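Asker: A single structure is presented below for examination.
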Number of protein chains: 2
Amino acid sequence: MKVVLLSGGVGGARFARGLHAVLAPDELTIVGNVGDDLEVLGLAVSPDLDSILYTLAGRSDDERGWGRSGETWNALSAAAEWGGEDWFRLGDLDLGLHLVRTQALRAGATLSEVTSRLVSRAGLRLRLLPATDEPLRTLVATPAGTFPFQEWFVARSHADEVDDVRFDGAVGARPAPGVLDALREADAVLIAPSNPFASIGPILAVREIREAVEERAVRSVAVSPLIGGKAVKGPADRMLSRMAGGTTPGHVAGCYEGLIDSLVIDEADLPADAAVDLVATKTLMADREAARRLAAVVLDVACA
Amino acid sequence: MKVVLLSGGVGGARFARGLHAVLAPDELTIVGNVGDDLEVLGLAVSPDLDSILYTLAGRSDDERGWGRSGETWNALSAAAEWGGEDWFRLGDLDLGLHLVRTQALRAGATLSEVTSRLVSRAGLRLRLLPATDEPLRTLVATPAGTFPFQEWFVARSHADEVDDVRFDGAVGARPAPGVLDALREADAVLIAPSNPFASIGPILAVREIREAVEERAVRSVAVSPLIGGKAVKGPADRMLSRMAGGTTPGHVAGCYEGLIDSLVIDEADLPADAAVDLVATKTLMADREAARRLAAVVLDVACA
């Protein structure tokens, strides 16, 4: 069984870990968001791809919710001593990866090539593909102005309400090699419980990816990131309220119009109604077993 | 009193700390070796400039003899996990500086501009100038082949005997801004107890610097890096034996023919004879006070 998962960062990474536990290693292809990517201290940082990599490789700090376990922060504090930026929290262990990636990119490798090498180094057999190798950056329009995603999310603590999300570079961006083939060969397409606007939006902003999902011959199933209308973490609920008009399963499904056949929601969101089939279960991925169980339910829905 | 010091790494940095303790802060200009500079994990590293900066800023690990005190090594070990190079030991605190420097260089700053900013950030008022802003790299010719300096020194543990030292990029390299003015306005020119071939050689390989020292109207004094014909640390004695024919004060002075008026040597090297005046004292800089005392002796010689 071949499965393609469209995924953002933390929630997506946990769901991916669940899928990885259920599927055979080579059955899973993850297409990751790169709209949050940024340059920090001259290094190319891909937060969502890294969250997935760290989580699947057993290196993530599950309590903090991002970055690596056992992390230290000495390089960043030294950089700040010398006048460098320190608003984006890069730990020392994390920096090791960014150094290797940045060096490879400067030597001419593509982001998908570098990512593939990192997955191999971690001893993983799944495929982790950036949505695109080209620069595609999420811009967040707020009453206070338009900001690059991480500036809004981290530096401004996502305090500003969001009126619109745009994807700089999306027009003309090609899917990374392997993405379209994976979608065409998939037995199921899944959308992780990630922010529909900020995490999945940038992936679907790549025209050929959106078209491939629209034209699928197999089932496509999304998992709602909301539980009882609330985000587990982050601003997804506030963004849905303001930009989609509400936080019910119907509003979540509306973000994926024409792109999914079913939406898996939490039991806390029942009763509910939407333009697609709704399947209710427990969606909180409190631990690995909960993620594995959710993944199994979603695969059942996709293969029904 | 205005003093210019030509300096390599560790020995030079300790001597610079002594001078810094004796002179008023704005009386000292240090011209540092850049022949050892290299790129590691895509970062621009200037080991000798950094040794001087760390030592004068009170951040050096005097016991280990290089790098910063309180250093950790997590980023490098993570980089190695992901397939990155780890032969050149960059600590986390050290990396902070290299990140800031590399980012500034890529943004178009010169090495001397970046170095000046770092000195200011450290709250220091002396001037620390790279010999040149242009790429000048020391190559070490050995029976096993010719290697970039750090590959021979670190990766090969300077085990190969050295037949010759060359300076790639030296032809046509201009002194960094301020170097010639500092030499012309100096009341004394000093050469630190650094390796004449590997540390001072690359500075003097910049034609206009060598000419400015040759044409000086003031006294120039070098401090021998050898004690009893032996290097305190490193390969200076082996290089002098093989390339200058011996390790006496006469051989050291021979490395600076036409460039110095006096050579300060250790009492352990008496009796001695050379083509320049010899002044014997205790030259081992075991602590800050010893370095301060040596600096005072050298300044006395320069102002005699």
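Chains: A, B, ... in order of the structure tokens. Residues: from 1 per chain. Ligands: from 1, in order shown.
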Just the residues within 12 Å of Glu208 of chain B, please, counting only C-alpha atoms, with nothing from its chain fewer than 6 positions along; format it as a ChimeraX atom specification.

Answerer: /B:131-132,170-177,179-181,183-184,214-216

Asker: Could you build a table of the residues in chain B lying no more than 9 Å from chain A, giving for each the nearest pair of atoms and their separation in Å rounded to one decimal place, using only C-alpha atoms, ordered by chain and ascending residue number, as JSON lines?

Answerer:
{"residue": "B:Leu41", "atom": "CA", "partner": "A:Leu99", "partner_atom": "CA", "distance": 6.0}
{"residue": "B:Gly42", "atom": "CA", "partner": "A:Gln103", "partner_atom": "CA", "distance": 5.2}
{"residue": "B:Leu43", "atom": "CA", "partner": "A:Leu99", "partner_atom": "CA", "distance": 8.4}
{"residue": "B:Glu71", "atom": "CA", "partner": "A:Asn74", "partner_atom": "CA", "distance": 8.4}
{"residue": "B:Thr72", "atom": "CA", "partner": "A:Asn74", "partner_atom": "CA", "distance": 7.6}
{"residue": "B:Trp73", "atom": "CA", "partner": "A:Asp92", "partner_atom": "CA", "distance": 8.3}
{"residue": "B:Asn74", "atom": "CA", "partner": "A:Leu93", "partner_atom": "CA", "distance": 5.5}
{"residue": "B:Ala75", "atom": "CA", "partner": "A:Gly96", "partner_atom": "CA", "distance": 4.4}
{"residue": "B:Leu76", "atom": "CA", "partner": "A:Gly96", "partner_atom": "CA", "distance": 5.9}
{"residue": "B:Ser77", "atom": "CA", "partner": "A:Gly96", "partner_atom": "CA", "distance": 7.2}
{"residue": "B:Ala78", "atom": "CA", "partner": "A:Gly96", "partner_atom": "CA", "distance": 4.7}
{"residue": "B:Ala79", "atom": "CA", "partner": "A:Gly96", "partner_atom": "CA", "distance": 3.9}
{"residue": "B:Ala80", "atom": "CA", "partner": "A:Gly96", "partner_atom": "CA", "distance": 7.6}
{"residue": "B:Glu81", "atom": "CA", "partner": "A:Arg121", "partner_atom": "CA", "distance": 7.4}
{"residue": "B:Trp82", "atom": "CA", "partner": "A:Arg121", "partner_atom": "CA", "distance": 5.9}
{"residue": "B:Gly83", "atom": "CA", "partner": "A:Arg121", "partner_atom": "CA", "distance": 7.2}
{"residue": "B:Gly84", "atom": "CA", "partner": "A:Val100", "partner_atom": "CA", "distance": 5.5}
{"residue": "B:Glu85", "atom": "CA", "partner": "A:Val100", "partner_atom": "CA", "distance": 8.5}
{"residue": "B:Gly91", "atom": "CA", "partner": "A:Ala75", "partner_atom": "CA", "distance": 8.1}
{"residue": "B:Asp92", "atom": "CA", "partner": "A:Ala75", "partner_atom": "CA", "distance": 4.6}
{"residue": "B:Leu93", "atom": "CA", "partner": "A:Ala75", "partner_atom": "CA", "distance": 4.7}
{"residue": "B:Asp94", "atom": "CA", "partner": "A:Ala75", "partner_atom": "CA", "distance": 7.1}
{"residue": "B:Leu95", "atom": "CA", "partner": "A:Ala75", "partner_atom": "CA", "distance": 5.7}
{"residue": "B:Gly96", "atom": "CA", "partner": "A:Ala79", "partner_atom": "CA", "distance": 3.9}
{"residue": "B:Leu97", "atom": "CA", "partner": "A:Ala79", "partner_atom": "CA", "distance": 5.5}
{"residue": "B:His98", "atom": "CA", "partner": "A:Ala79", "partner_atom": "CA", "distance": 8.2}
{"residue": "B:Leu99", "atom": "CA", "partner": "A:Leu41", "partner_atom": "CA", "distance": 6.0}
{"residue": "B:Val100", "atom": "CA", "partner": "A:Gly84", "partner_atom": "CA", "distance": 5.5}
{"residue": "B:Arg101", "atom": "CA", "partner": "A:Trp82", "partner_atom": "CA", "distance": 8.9}
{"residue": "B:Thr102", "atom": "CA", "partner": "A:Gly42", "partner_atom": "CA", "distance": 7.4}
{"residue": "B:Gln103", "atom": "CA", "partner": "A:Gly42", "partner_atom": "CA", "distance": 5.1}
{"residue": "B:Ala104", "atom": "CA", "partner": "A:Gly42", "partner_atom": "CA", "distance": 8.8}
{"residue": "B:Arg106", "atom": "CA", "partner": "A:Gly42", "partner_atom": "CA", "distance": 8.2}
{"residue": "B:Arg117", "atom": "CA", "partner": "A:Trp82", "partner_atom": "CA", "distance": 8.2}
{"residue": "B:Leu118", "atom": "CA", "partner": "A:Trp82", "partner_atom": "CA", "distance": 6.1}
{"residue": "B:Arg121", "atom": "CA", "partner": "A:Trp82", "partner_atom": "CA", "distance": 5.9}
{"residue": "B:Ala122", "atom": "CA", "partner": "A:Trp82", "partner_atom": "CA", "distance": 7.6}

Asker: With C-alpha atoms retained, write the just-selected residues as a PDB file, in the first residue's frame.

Answerer:
ATOM      1  CA  LEU B  41      31.049  23.551   7.214  1.00  0.00           C
ATOM      2  CA  GLY B  42      30.581  26.558   4.951  1.00  0.00           C
ATOM      3  CA  LEU B  43      31.709  29.023   7.620  1.00  0.00           C
ATOM      4  CA  GLU B  71      33.198  25.499  25.301  1.00  0.00           C
ATOM      5  CA  THR B  72      30.827  22.684  24.250  1.00  0.00           C
ATOM      6  CA  TRP B  73      30.853  20.618  21.062  1.00  0.00           C
ATOM      7  CA  ASN B  74      27.258  19.716  20.299  1.00  0.00           C
ATOM      8  CA  ALA B  75      26.777  21.349  16.916  1.00  0.00           C
ATOM      9  CA  LEU B  76      29.881  19.677  15.521  1.00  0.00           C
ATOM     10  CA  SER B  77      28.817  16.265  16.762  1.00  0.00           C
ATOM     11  CA  ALA B  78      25.355  16.770  15.257  1.00  0.00           C
ATOM     12  CA  ALA B  79      26.897  17.914  11.972  1.00  0.00           C
ATOM     13  CA  ALA B  80      28.928  14.699  11.925  1.00  0.00           C
ATOM     14  CA  GLU B  81      25.732  12.669  12.531  1.00  0.00           C
ATOM     15  CA  TRP B  82      24.316  14.202   9.345  1.00  0.00           C
ATOM     16  CA  GLY B  83      27.461  13.566   7.324  1.00  0.00           C
ATOM     17  CA  GLY B  84      29.252  16.886   7.892  1.00  0.00           C
ATOM     18  CA  GLU B  85      32.995  17.311   8.359  1.00  0.00           C
ATOM     19  CA  GLY B  91      32.972  24.517  19.482  1.00  0.00           C
ATOM     20  CA  ASP B  92      29.439  25.821  19.929  1.00  0.00           C
ATOM     21  CA  LEU B  93      30.521  29.173  21.386  1.00  0.00           C
ATOM     22  CA  ASP B  94      33.144  29.526  18.689  1.00  0.00           C
ATOM     23  CA  LEU B  95      30.520  28.760  16.029  1.00  0.00           C
ATOM     24  CA  GLY B  96      28.479  31.726  17.190  1.00  0.00           C
ATOM     25  CA  LEU B  97      31.265  34.036  16.059  1.00  0.00           C
ATOM     26  CA  HIS B  98      31.819  32.198  12.766  1.00  0.00           C
ATOM     27  CA  LEU B  99      28.108  32.419  11.974  1.00  0.00           C
ATOM     28  CA  VAL B 100      28.084  36.184  12.556  1.00  0.00           C
ATOM     29  CA  ARG B 101      31.281  36.711  10.562  1.00  0.00           C
ATOM     30  CA  THR B 102      30.208  34.522   7.651  1.00  0.00           C
ATOM     31  CA  GLN B 103      26.827  36.194   7.436  1.00  0.00           C
ATOM     32  CA  ALA B 104      28.495  39.638   7.347  1.00  0.00           C
ATOM     33  CA  ARG B 106      28.294  37.130   2.514  1.00  0.00           C
ATOM     34  CA  ARG B 117      32.869  45.215  14.644  1.00  0.00           C
ATOM     35  CA  LEU B 118      33.798  42.151  16.694  1.00  0.00           C
ATOM     36  CA  ARG B 121      31.386  44.259  20.511  1.00  0.00           C
ATOM     37  CA  ALA B 122      34.000  42.867  22.891  1.00  0.00           C
TER      38      ALA B 122
END

Asker: At what distance in Å, to one decimal, does atom CA of Gly228 of chain B lie from atom CA of Arg292 of chain B?

Answerer: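 Calculated distance between atom CA of Arg292 of chain B and atom CA of Gly228 of chain B is 21.1 Å.
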
Asker: Could you pull out the residues in segment 64-190 of chain A that DSSP calls strand (DSSP E) from the backbone, as a ChimeraX atom specification?

Answerer: /A:127-130,137-142,145-148,164-168,188-190

Asker: Fewer than 4 positions away in the same chain doesn't count, so skip those; otherwise give me all residues within 8 Å of Thr247 of chain A, counting only C-alpha atoms, as a list in words.

Answerer: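 The filter keeps Leu226, Gly229, Lys230, Asp237, Leu240, Ser241, His251 and Val252 of chain A.
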